[in-house]
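Notes for the one structure printed next.
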2 protein chains.
Amino acid sequence: MTGQVRTVDGRVAGRRGQATRQKLLDCLSEMLSSSPYRDVKVIDVARKAGTSPATFYQYFPDVEGAVLEIAEQMATEGAALTELLEGRSWAGKAGWQTAQELVDGFLEFWRKNDAILRVVDLGAAEGDKRFYKLRMKILNSVNNSLADAVAELQAKGRVDKDVNPAAVAGSLVAMLAAVASHQKGFTSWGVKQAELKPNLALLVHLGVTGRKPTR
Amino acid sequence: MTGQVRTVDGRVAGRRGQATRQKLLDCLSEMLSSSPYRDVKVIDVARKAGTSPATFYQYFPDVEGAVLEIAEQMATEGAALTELLEGRSWAGKAGWQTAQELVDGFLEFWRKNDAILRVVDLGAAEGDKRFYKLRMKILNSVNNSLADAVAELQAKGRVDKDVNPAAVAGSLVAMLAAVASHQKGFTSWGVKQAELKPNLALLVHLGVTGRKPTR
DNA sequence: ACTTGTCCTGTCATGACGTCAGCTTACCGA
DNA sequence: TCGGTAAGCTGACGTCATGACAGGACAAGT
């Protein structure tokens with residue numbers, strides 16, 4: 001699928017090369033977690049990886065390019081998010097369960113990858129198509145499943161016809177992502193982590209089904 | 001309130017100085033709209049303003065500092081968002097109207113200031129307290145109003161008791177902000193601008209009142 | 001004209017960026 | 001075993017941004 005890993009100047013990377021490359025990616029990941037995106041320098045990443053800046057430029061055109069690589073890896077892992085909604089029901093108690101587990105899984109995924117997701121979000125907001133496609137790739141699984149669920153309920157007449165499933169699903173996913181990014185902001189608003197989740201689940205359930213959940 | 005405008009080395013700025021300072025801020029604002037945050041350099045801002053980097057550093061410690069200044073100005077303008085909810089009703093047709101106007105006003109505000117808000121969002125997500133307080137300041141007016149509305153309905157028994165008004169309000173506001181930031185993303189998901197707004201309004205109404213709006 | 005305080009810039013040391021040639025290492029076929 | 005070849009890494013270099021300073025330009029009051 002991914003063909004061969006290549007250096008910037010076209011050589012194919014061997015075992016050793018791939019290891020260095022990966023080490024650089026790992027170090028970059030760490031740096032992104034510990035310092036502002038704007039302050040992450042190639043030289044620091046290289047130093048941390050025990051190599052030189054020139055080596056970095058062998059494998060990546062720039063910091064952005066390396067970030068895209070990390071995000072790509074994460075995006076494939078993110079496909080697992082689909083399972084949170086695969087074959088779930090939105091009716092009755094099961095629906096409440098579905099909403100809760102979606103929120104749980106989503107927040108957990110975001111928490112794990114928050115540093116890189118921040119950067120992806122920024123790139124996407126800035127209009128960079130590469131980041132923006134990546135963001136879609138990550139959110140698509142959840143988004144499509146949600147849209148399908150809404151469309152299905154709509155077909156049964158349980159949701160108004162003038163609702164746009166894609167718009168509602170997209171908005172809910174955006175909400176989950178945003179809340180996950182700013183979780184800490186809530187605590188200083190007097191909302192605790194534990195309280196946040198059920199309320200989010202409630203909103204998701206309301207959005208999808210148009211009704212309060214039966215617990 | 002803001003006392004006197006001062007340079008980094010403590011002198012008070014006169015008429016001319018304030019003009020240059022403001023010009024630098026304006027140019028920075030423009031640069032943020034046209035190029036990625038990471039690539040905005042002091043030297044470019046200074047050139048655009050027809051001055052030198054040294055002058056920039058007279059008024060701001062660094063790019064981040066200047067951004068904070070711009071954001072601060074925007075935050076005071078953002079207080080106008082309160083009017084979107086001041087004394088509005090969430091009952092019946094009026095409720096639907098309220099939700100629609102909130103969405104409209106919010107998206108408009110975000111669209112106008114998207115470049116700077118992107119940076120504030122990033123800073124807040126990265127855990128920088130200054131950005132993070134600023135973000136609260138901007139969103140507080142809307143958030144508090146929404147929370148009050150929910151709490152009021154809750155007191156009347158029209159919203160479940162185990163709902164946390166602050167959590168719901170915060171989540172809804174986060175949703176609005178996120179959707180506004182990624183408006184373009186929706187179009188490529190096959191959702192048009194015009195369709196987005198009513199669906200957002202629907203979600204807001206559902207979240208606040210727990211019920212579908214009567215149109 | 002002269003002083004005073006504000007305002008701007010030339011200049012400099014420092015350090016990051018990004019490129020290149022060239023050295024070292026590993027692999028492989030004869 | 002021994003080159004040959006390609007992979008892998010780095011020192012060194014020109015370029016550019018950063019951030020600090022001292023001193024020149026300018027406006028205002030005396």
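Chain identifiers are assigned as A, B, and so on, following the order in which chains appear in the structure tokens; residues are numbered from 1 within each chain, and ligands are numbered from 1 in order of appearance.
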DSSP-assigned helix (DSSP H, G or I) among stretch 6-115 of chain A, expressed as a PyMOL selection string: chain A and resi 15-34+37-39+42-48+53-59+63-84+92-112+114-115
Exercise answer, chain B residues close to chain C, 9 Å and only C-alpha atoms (C1' of nucleotides), as a list of chain:residue names: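 So the residues of chain B near chain C are B:Arg11, B:Val12, B:Ala13, B:Gly14, B:Arg16, B:Gly17, B:Thr51, B:Ser52, B:Ala54, B:Thr55.
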For the selection just defined, write its residues with C-alpha atoms to a file, as a compact mmCIF listing (two decimals), in the first residue's frame.
# COMPACT_ATOMS: atom_id res chain seq x y z
CA ARG B 11 8.79 54.59 28.27
CA VAL B 12 5.30 55.90 27.75
CA ALA B 13 4.23 55.94 24.13
CA GLY B 14 3.14 59.22 22.57
CA ARG B 16 3.25 58.88 16.98
CA GLY B 17 4.40 55.84 18.87
CA THR B 51 9.47 49.96 9.68
CA SER B 52 12.21 47.81 11.15
CA ALA B 54 13.86 46.79 16.12
CA THR B 55 10.78 48.96 16.26
Distance-based interface of chain D with chain B, 10 Å, counting only C-alpha atoms (C1' of nucleotides), as number ranges by chain: D: 16-20, 27
Residues from the last selection, N, CA and C atoms (P, O5', C5', C4', C3', O3' and C1' of nucleotides), saved as a PDB file, in the first residue's frame:
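Full text of part_37.pdb as output:
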ATOM      1  P    DC D  16      18.720  35.595   2.424  1.00  0.00           P
ATOM      2  O5'  DC D  16      17.994  35.506   3.840  1.00  0.00           O
ATOM      3  C5'  DC D  16      17.194  34.357   4.142  1.00  0.00           C
ATOM      4  C4'  DC D  16      16.905  34.338   5.625  1.00  0.00           C
ATOM      5  C3'  DC D  16      16.389  35.679   6.183  1.00  0.00           C
ATOM      6  O3'  DC D  16      15.136  35.455   6.800  1.00  0.00           O
ATOM      7  C1'  DC D  16      18.081  34.749   7.566  1.00  0.00           C
ATOM      8  P    DA D  17      14.267  36.660   7.286  1.00  0.00           P
ATOM      9  O5'  DA D  17      14.102  36.386   8.841  1.00  0.00           O
ATOM     10  C5'  DA D  17      13.488  35.195   9.260  1.00  0.00           C
ATOM     11  C4'  DA D  17      13.676  35.025  10.752  1.00  0.00           C
ATOM     12  C3'  DA D  17      13.148  36.185  11.586  1.00  0.00           C
ATOM     13  O3'  DA D  17      12.435  35.676  12.699  1.00  0.00           O
ATOM     14  C1'  DA D  17      15.460  35.833  12.036  1.00  0.00           C
ATOM     15  P    DT D  18      11.769  36.646  13.762  1.00  0.00           P
ATOM     16  O5'  DT D  18      12.809  36.671  14.958  1.00  0.00           O
ATOM     17  C5'  DT D  18      13.273  35.443  15.491  1.00  0.00           C
ATOM     18  C4'  DT D  18      14.314  35.714  16.550  1.00  0.00           C
ATOM     19  C3'  DT D  18      13.913  36.779  17.585  1.00  0.00           C
ATOM     20  O3'  DT D  18      14.097  36.210  18.857  1.00  0.00           O
ATOM     21  C1'  DT D  18      16.079  37.192  16.737  1.00  0.00           C
ATOM     22  P    DG D  19      13.122  36.657  20.032  1.00  0.00           P
ATOM     23  O5'  DG D  19      13.965  37.810  20.726  1.00  0.00           O
ATOM     24  C5'  DG D  19      15.170  37.426  21.364  1.00  0.00           C
ATOM     25  C4'  DG D  19      16.112  38.598  21.461  1.00  0.00           C
ATOM     26  C3'  DG D  19      15.528  39.858  22.121  1.00  0.00           C
ATOM     27  O3'  DG D  19      16.402  40.210  23.168  1.00  0.00           O
ATOM     28  C1'  DG D  19      16.778  40.401  20.229  1.00  0.00           C
ATOM     29  P    DA D  20      15.977  41.184  24.322  1.00  0.00           P
ATOM     30  O5'  DA D  20      17.239  42.137  24.443  1.00  0.00           O
ATOM     31  C5'  DA D  20      18.549  41.553  24.478  1.00  0.00           C
ATOM     32  C4'  DA D  20      19.568  42.583  24.032  1.00  0.00           C
ATOM     33  C3'  DA D  20      19.323  43.975  24.608  1.00  0.00           C
ATOM     34  O3'  DA D  20      20.425  44.345  25.432  1.00  0.00           O
ATOM     35  C1'  DA D  20      19.734  44.063  22.259  1.00  0.00           C
ATOM     36  P    DA D  27       8.887  66.183  12.833  1.00  0.00           P
ATOM     37  O5'  DA D  27       8.031  66.544  14.124  1.00  0.00           O
ATOM     38  C5'  DA D  27       7.434  65.515  14.882  1.00  0.00           C
ATOM     39  C4'  DA D  27       7.226  65.996  16.309  1.00  0.00           C
ATOM     40  C3'  DA D  27       6.625  67.404  16.421  1.00  0.00           C
ATOM     41  O3'  DA D  27       5.515  67.339  17.312  1.00  0.00           O
ATOM     42  C1'  DA D  27       8.610  67.240  17.722  1.00  0.00           C
TER      43       DA D  27
END
Expected answer as a PyMOL selection string: chain B residues within 6 Å of chain A, only C-alpha atoms: chain B and resi 38+125+167+174-175+178+181-182+196+203+207
Take the selection from the previous step and output its residues with N, CA, C and O atoms, as a PDB file, in the first residue's frame.
ATOM      1  N   ARG B  38       2.746  29.631  12.167  1.00  0.00           N
ATOM      2  CA  ARG B  38       4.134  29.223  12.375  1.00  0.00           C
ATOM      3  C   ARG B  38       5.106  30.010  11.505  1.00  0.00           C
ATOM      4  O   ARG B  38       6.278  30.148  11.815  1.00  0.00           O
ATOM      5  N   ALA B 125      -5.471  25.623  23.781  1.00  0.00           N
ATOM      6  CA  ALA B 125      -5.356  24.163  23.756  1.00  0.00           C
ATOM      7  C   ALA B 125      -3.980  23.716  24.232  1.00  0.00           C
ATOM      8  O   ALA B 125      -3.828  22.645  24.812  1.00  0.00           O
ATOM      9  N   ALA B 167     -22.018  22.716  31.925  1.00  0.00           N
ATOM     10  CA  ALA B 167     -21.434  21.741  31.004  1.00  0.00           C
ATOM     11  C   ALA B 167     -22.128  21.795  29.655  1.00  0.00           C
ATOM     12  O   ALA B 167     -21.478  21.787  28.597  1.00  0.00           O
ATOM     13  N   ALA B 174     -18.659  25.525  22.587  1.00  0.00           N
ATOM     14  CA  ALA B 174     -17.507  24.899  21.925  1.00  0.00           C
ATOM     15  C   ALA B 174     -17.901  24.422  20.539  1.00  0.00           C
ATOM     16  O   ALA B 174     -17.142  24.562  19.577  1.00  0.00           O
ATOM     17  N   MET B 175     -19.092  23.879  20.427  1.00  0.00           N
ATOM     18  CA  MET B 175     -19.573  23.418  19.125  1.00  0.00           C
ATOM     19  C   MET B 175     -19.645  24.572  18.143  1.00  0.00           C
ATOM     20  O   MET B 175     -19.137  24.486  17.015  1.00  0.00           O
ATOM     21  N   ALA B 178     -16.179  25.612  17.124  1.00  0.00           N
ATOM     22  CA  ALA B 178     -15.509  24.630  16.270  1.00  0.00           C
ATOM     23  C   ALA B 178     -16.091  24.634  14.864  1.00  0.00           C
ATOM     24  O   ALA B 178     -15.360  24.615  13.865  1.00  0.00           O
ATOM     25  N   SER B 181     -14.916  27.566  12.978  1.00  0.00           N
ATOM     26  CA  SER B 181     -13.525  27.444  12.549  1.00  0.00           C
ATOM     27  C   SER B 181     -13.381  26.563  11.320  1.00  0.00           C
ATOM     28  O   SER B 181     -12.486  26.760  10.506  1.00  0.00           O
ATOM     29  N   HIS B 182     -14.229  25.581  11.217  1.00  0.00           N
ATOM     30  CA  HIS B 182     -14.076  24.600  10.135  1.00  0.00           C
ATOM     31  C   HIS B 182     -15.238  24.645   9.166  1.00  0.00           C
ATOM     32  O   HIS B 182     -15.598  23.627   8.566  1.00  0.00           O
ATOM     33  N   LEU B 196     -26.300  24.694   6.932  1.00  0.00           N
ATOM     34  CA  LEU B 196     -25.627  24.478   8.214  1.00  0.00           C
ATOM     35  C   LEU B 196     -26.311  25.229   9.354  1.00  0.00           C
ATOM     36  O   LEU B 196     -26.593  24.673  10.414  1.00  0.00           O
ATOM     37  N   LEU B 203     -29.721  22.218  16.995  1.00  0.00           N
ATOM     38  CA  LEU B 203     -28.934  21.567  18.053  1.00  0.00           C
ATOM     39  C   LEU B 203     -28.861  22.439  19.298  1.00  0.00           C
ATOM     40  O   LEU B 203     -28.961  21.945  20.427  1.00  0.00           O
ATOM     41  N   GLY B 207     -30.365  21.456  22.827  1.00  0.00           N
ATOM     42  CA  GLY B 207     -29.483  21.400  23.982  1.00  0.00           C
ATOM     43  C   GLY B 207     -29.981  22.240  25.148  1.00  0.00           C
ATOM     44  O   GLY B 207     -29.935  21.810  26.302  1.00  0.00           O
TER      45      GLY B 207
END
Atom CA of A:Leu102 to atom CA of A:Glu69, distance in Å rounded to a single decimal: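 Separation of atom CA of A:Leu102 and atom CA of A:Glu69: 26.6 Å.
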Length of the atom CA of A:Thr209 to atom CA of B:Gly87 vector [Å]: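 Pair atom CA of A:Thr209 / atom CA of B:Gly87 returns 29.6 Å.
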